[in-house]
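Written out below as structure tokens is the structure these notes cover.
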Amino acid sequence: MRSPTMADPAPSLPLDIPDKPILSTAEVVSLAEVAARRAEKFGTLIDTLDAGVAKRAADAAESLSRAGFQPKDQQTAADKAAAIARREVVTNSSDARWAHLKELSAASDSLATTAQLWASPVTVLARAGLGTPERSAYQQQLDGSGVVDLKNAALLAVATNNKALGAAIVSIIDRMPARSRPFSAQDLADKLVGEETRSVQAAIAAVKLAAQRAINRNREYEAGRVRPMDRVKLALNKKDAN
């Protein structure tokens with residue numbers, strides 16, 4: 001029987017590991033370029049479909065004009081032709097449009113693991129040199145070091161761009177009480193890998209924005225009207241990404 005004074009153990013949180021591959025910096029940047037081209041191609045497809053509908057409407061109006069009908073009747077004929085044409089085009093273009101959207105969504109989804117690994121400069125630096133003798137040696141040498149030694153080691157890491165040394169330092173100060181830490185791990189990580197981290201994060205955001213832009217354009221196309229809130233959200237996401 002369990003003792004009434006024994007506290008229940010804290011529940012364990014599940015480890016969220018996406019089933020997606022880890023992409024390199026170059027692969028993420030390349031994917032962002034591909035996604036931008038795909039989104040542009042999707043926009044061109046929608047423009048082409050709209051142009052076809054507009055032409056059918058114009059043809060209907062021109063036909064009545066040649067027959068001597070009044071401008072009001074010509075406009076009515078154009079509106080009816082546009083409505084019929086649009087319904088047909090929306091239905092007939094569904095497979096082509098969704099093929100584009102699936103490609104962009106797949107590109108965005110493929111970044112799930114990579115996005116976690118590039119969540120912050122500290123996250124990136126923390127894995128630098130993992131499993132290497134170099135990082136293990138740095139960690140052993142610095143374990144138990146005082147404030148002055150840790151600061152000097154951090155200066156050396158930044159001056160020589162030694163990420164393995166920086167990772168060892170971050171690991172050590174992470175175990176220290178918050179008030180006893182000689183400097184910010186975030187600051188050290190930002191100096192060593194901040195630029196690269198932001199570059200990858202920007203590429204990831206670009207892929208996601210390209211996919212969302214195409215999704216929004218498709219929604220508006222199918223609805224036949226502008227969706228202001230979708231446009232506002234996309235603009236805000238773009239601003240945050242920049």
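Following the order of the structure tokens, first chain is A, next is B, and so on, with residues numbered from 1 inside each chain and ligands from 1 in the order they appear.
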
Exercise. So which residues touch A:Gln212 within 9 Å, counting only C-alpha atoms, skipping near sequence neighbours fewer than 4 positions away, as a ChimeraX atom specification?
Worked result: /A:104-105,207-208,216-217,234

Please write the residues from the selection above to a file, keeping all heavy atoms, as a short mmCIF file (atom, residue, chain, number, x, y, z; two decimals), in the first residue's frame.
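So the final result, stored in again-v9.cif, reads:
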data_model
loop_
_atom_site.label_atom_id
_atom_site.label_comp_id
_atom_site.auth_asym_id
_atom_site.auth_seq_id
_atom_site.Cartn_x
_atom_site.Cartn_y
_atom_site.Cartn_z
N LEU A 104 3.10 22.77 -52.26
CA LEU A 104 3.50 23.81 -51.33
C LEU A 104 3.26 23.38 -49.88
O LEU A 104 4.09 23.67 -49.00
CB LEU A 104 2.73 25.10 -51.63
CG LEU A 104 3.24 25.86 -52.85
CD1 LEU A 104 2.21 26.87 -53.33
CD2 LEU A 104 4.55 26.55 -52.53
N SER A 105 2.16 22.71 -49.62
CA SER A 105 1.88 22.24 -48.26
C SER A 105 2.89 21.19 -47.83
O SER A 105 3.34 21.17 -46.68
CB SER A 105 0.46 21.66 -48.18
OG SER A 105 -0.51 22.65 -48.38
N VAL A 207 9.01 29.75 -46.73
CA VAL A 207 8.32 28.57 -47.26
C VAL A 207 6.88 28.54 -46.76
O VAL A 207 5.94 28.32 -47.52
CB VAL A 207 9.04 27.27 -46.85
CG1 VAL A 207 8.23 26.05 -47.28
CG2 VAL A 207 10.44 27.22 -47.47
N LYS A 208 6.71 28.77 -45.47
CA LYS A 208 5.37 28.74 -44.89
C LYS A 208 4.49 29.86 -45.45
O LYS A 208 3.29 29.67 -45.69
CB LYS A 208 5.47 28.84 -43.36
CG LYS A 208 6.15 27.63 -42.72
CD LYS A 208 6.18 27.74 -41.21
CE LYS A 208 6.85 26.52 -40.58
NZ LYS A 208 6.10 25.28 -40.86
N ASN A 216 -4.50 31.02 -49.47
CA ASN A 216 -5.42 32.17 -49.39
C ASN A 216 -5.94 32.57 -50.76
O ASN A 216 -7.12 32.88 -50.93
CB ASN A 216 -4.71 33.36 -48.75
CG ASN A 216 -4.48 33.18 -47.26
OD1 ASN A 216 -4.84 32.15 -46.70
ND2 ASN A 216 -3.86 34.16 -46.63
N ARG A 217 -5.04 32.57 -51.75
CA ARG A 217 -5.45 32.93 -53.11
C ARG A 217 -6.49 31.93 -53.63
O ARG A 217 -7.46 32.31 -54.30
CB ARG A 217 -4.22 32.94 -54.03
CG ARG A 217 -4.51 33.40 -55.46
CD ARG A 217 -4.69 34.90 -55.53
NE ARG A 217 -5.18 35.32 -56.84
CZ ARG A 217 -4.39 35.58 -57.90
NH1 ARG A 217 -3.07 35.48 -57.77
NH2 ARG A 217 -4.92 35.99 -59.03
N LEU A 234 -1.95 37.21 -43.16
CA LEU A 234 -0.78 36.93 -43.99
C LEU A 234 0.20 38.10 -43.93
O LEU A 234 1.42 37.91 -43.83
CB LEU A 234 -1.21 36.67 -45.44
CG LEU A 234 -0.11 36.17 -46.37
CD1 LEU A 234 0.35 34.78 -45.93
CD2 LEU A 234 -0.61 36.13 -47.80
#

Write out as a PDB file with N, CA and C atoms, in the first residue's frame which residues come within 12 Å of A:Thr123 when counting only C-alpha atoms, dropping same-chain ones fewer than 4 positions away.
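Here's the written file out-v1.pdb:
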ATOM      1  N   THR A 114      13.116  20.487 -38.720  1.00  0.00           N
ATOM      2  CA  THR A 114      14.140  21.521 -38.890  1.00  0.00           C
ATOM      3  C   THR A 114      13.775  22.787 -38.120  1.00  0.00           C
ATOM      4  N   ALA A 115      12.501  23.158 -38.135  1.00  0.00           N
ATOM      5  CA  ALA A 115      12.064  24.365 -37.421  1.00  0.00           C
ATOM      6  C   ALA A 115      12.322  24.251 -35.930  1.00  0.00           C
ATOM      7  N   GLN A 116      12.113  23.073 -35.362  1.00  0.00           N
ATOM      8  CA  GLN A 116      12.380  22.875 -33.939  1.00  0.00           C
ATOM      9  C   GLN A 116      13.869  23.002 -33.640  1.00  0.00           C
ATOM     10  N   LEU A 117      14.702  22.447 -34.520  1.00  0.00           N
ATOM     11  CA  LEU A 117      16.148  22.467 -34.290  1.00  0.00           C
ATOM     12  C   LEU A 117      16.762  23.849 -34.503  1.00  0.00           C
ATOM     13  N   TRP A 118      16.021  24.726 -35.168  1.00  0.00           N
ATOM     14  CA  TRP A 118      16.495  26.087 -35.393  1.00  0.00           C
ATOM     15  C   TRP A 118      15.595  27.098 -34.687  1.00  0.00           C
ATOM     16  N   ALA A 119      15.004  26.680 -33.570  1.00  0.00           N
ATOM     17  CA  ALA A 119      14.055  27.540 -32.856  1.00  0.00           C
ATOM     18  C   ALA A 119      14.715  28.786 -32.286  1.00  0.00           C
ATOM     19  N   ARG A 127      23.811  22.086 -29.749  1.00  0.00           N
ATOM     20  CA  ARG A 127      24.135  20.811 -30.386  1.00  0.00           C
ATOM     21  C   ARG A 127      25.463  20.831 -31.154  1.00  0.00           C
ATOM     22  N   ALA A 128      26.140  21.981 -31.137  1.00  0.00           N
ATOM     23  CA  ALA A 128      27.406  22.083 -31.862  1.00  0.00           C
ATOM     24  C   ALA A 128      28.458  21.152 -31.250  1.00  0.00           C
ATOM     25  N   ALA A 167      29.429  25.790 -27.148  1.00  0.00           N
ATOM     26  CA  ALA A 167      28.416  24.820 -26.725  1.00  0.00           C
ATOM     27  C   ALA A 167      28.752  24.256 -25.354  1.00  0.00           C
ATOM     28  N   VAL A 170      27.858  26.904 -22.765  1.00  0.00           N
ATOM     29  CA  VAL A 170      26.401  26.992 -22.578  1.00  0.00           C
ATOM     30  C   VAL A 170      25.896  25.828 -21.735  1.00  0.00           C
ATOM     31  N   SER A 171      26.431  24.639 -21.968  1.00  0.00           N
ATOM     32  CA  SER A 171      26.024  23.466 -21.196  1.00  0.00           C
ATOM     33  C   SER A 171      26.352  23.632 -19.715  1.00  0.00           C
ATOM     34  N   ALA A 185      23.475  32.988 -21.755  1.00  0.00           N
ATOM     35  CA  ALA A 185      23.730  31.970 -22.781  1.00  0.00           C
ATOM     36  C   ALA A 185      23.162  32.430 -24.118  1.00  0.00           C
ATOM     37  N   GLN A 186      22.030  33.128 -24.084  1.00  0.00           N
ATOM     38  CA  GLN A 186      21.423  33.631 -25.312  1.00  0.00           C
ATOM     39  C   GLN A 186      22.348  34.611 -26.019  1.00  0.00           C
ATOM     40  N   LEU A 188      25.688  34.783 -25.810  1.00  0.00           N
ATOM     41  CA  LEU A 188      26.819  34.049 -26.373  1.00  0.00           C
ATOM     42  C   LEU A 188      26.398  33.312 -27.645  1.00  0.00           C
ATOM     43  N   ALA A 189      25.245  32.655 -27.589  1.00  0.00           N
ATOM     44  CA  ALA A 189      24.758  31.908 -28.755  1.00  0.00           C
ATOM     45  C   ALA A 189      24.481  32.846 -29.927  1.00  0.00           C
ATOM     46  N   ASP A 190      23.942  34.016 -29.614  1.00  0.00           N
ATOM     47  CA  ASP A 190      23.633  34.966 -30.685  1.00  0.00           C
ATOM     48  C   ASP A 190      24.900  35.421 -31.394  1.00  0.00           C
ATOM     49  N   LEU A 192      27.647  33.690 -31.727  1.00  0.00           N
ATOM     50  CA  LEU A 192      28.283  32.586 -32.447  1.00  0.00           C
ATOM     51  C   LEU A 192      27.433  32.044 -33.606  1.00  0.00           C
ATOM     52  N   VAL A 193      26.147  31.939 -33.404  1.00  0.00           N
ATOM     53  CA  VAL A 193      25.303  31.324 -34.448  1.00  0.00           C
ATOM     54  C   VAL A 193      24.045  32.128 -34.740  1.00  0.00           C
ATOM     55  N   GLY A 194      23.969  33.349 -34.220  1.00  0.00           N
ATOM     56  CA  GLY A 194      22.754  34.139 -34.389  1.00  0.00           C
ATOM     57  C   GLY A 194      22.433  34.452 -35.842  1.00  0.00           C
ATOM     58  N   THR A 197      21.278  31.332 -37.648  1.00  0.00           N
ATOM     59  CA  THR A 197      19.955  30.929 -37.151  1.00  0.00           C
ATOM     60  C   THR A 197      18.861  31.785 -37.774  1.00  0.00           C
TER      61      THR A 197
END

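Checking A:Lys163, A:Lys20, A:Arg38, A:Arg198 one by one against A:Glu134, counting only C-alpha atoms, you find the shortest gap at A:Lys163.
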
For this session: Would you return as an MDAnalysis selection string the members of stretch 66-241 of chain A that DSSP assigns to alpha helix (DSSP H) on this structure's backbone?
Result: chainID A and resid 66 71:92 94:109 112:117 121:126 133:142 147:160 163:174 185:223 228:241

For this session: Could you check how far atom CA of A:Leu23 sits from atom CA of A:Glu195, in Å to one decimal?
Result: 17.5 Å

Problem set entry | Separation of atom CA of A:Ala211 from atom CA of A:Ala51 in Å | 23.2 Å

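Of the residues listed (A:Ala78, A:Leu49, A:Asn92, A:Ala36), A:Ala78 shows the shortest atom-to-atom separation from A:Ser63; distances use only C-alpha atoms.
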
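For the choices A:Asp50, A:Asp19, A:Asp149, A:Glu40, the atom-to-atom distance to A:Val89 is smallest for A:Asp50 when using only C-alpha atoms.
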
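Ranking A:Asp230, A:Asp59, A:Glu103, A:Asp47 by their shortest atom-to-atom distance to A:Ala35, with only C-alpha atoms included, puts A:Glu103 first.
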
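Here atom CA of A:Ala153 and atom CA of A:Tyr138 stand 9.6 Å from one another.
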
Exercise. Excluding same-chain residues fewer than 5 positions from A:Thr48, what lies within 12 Å of it counting only C-alpha atoms, as a ChimeraX atom specification?
Worked result: /A:41-43,53-55,89,93,97,221

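Each of A:Ala203, A:Ala223, A:Thr76, A:Asp95 was checked against A:Leu111 using only C-alpha atoms; the smallest atom-to-atom distance is that of A:Ala203.
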
Problem set entry | Shell of 12 Å around A:Ala168, only C-alpha atoms, local chain residues under 5 positions omitted, as a ChimeraX atom specification | /A:122,125-143,145,150,153-154,157,162-163,173-175,185,188-189
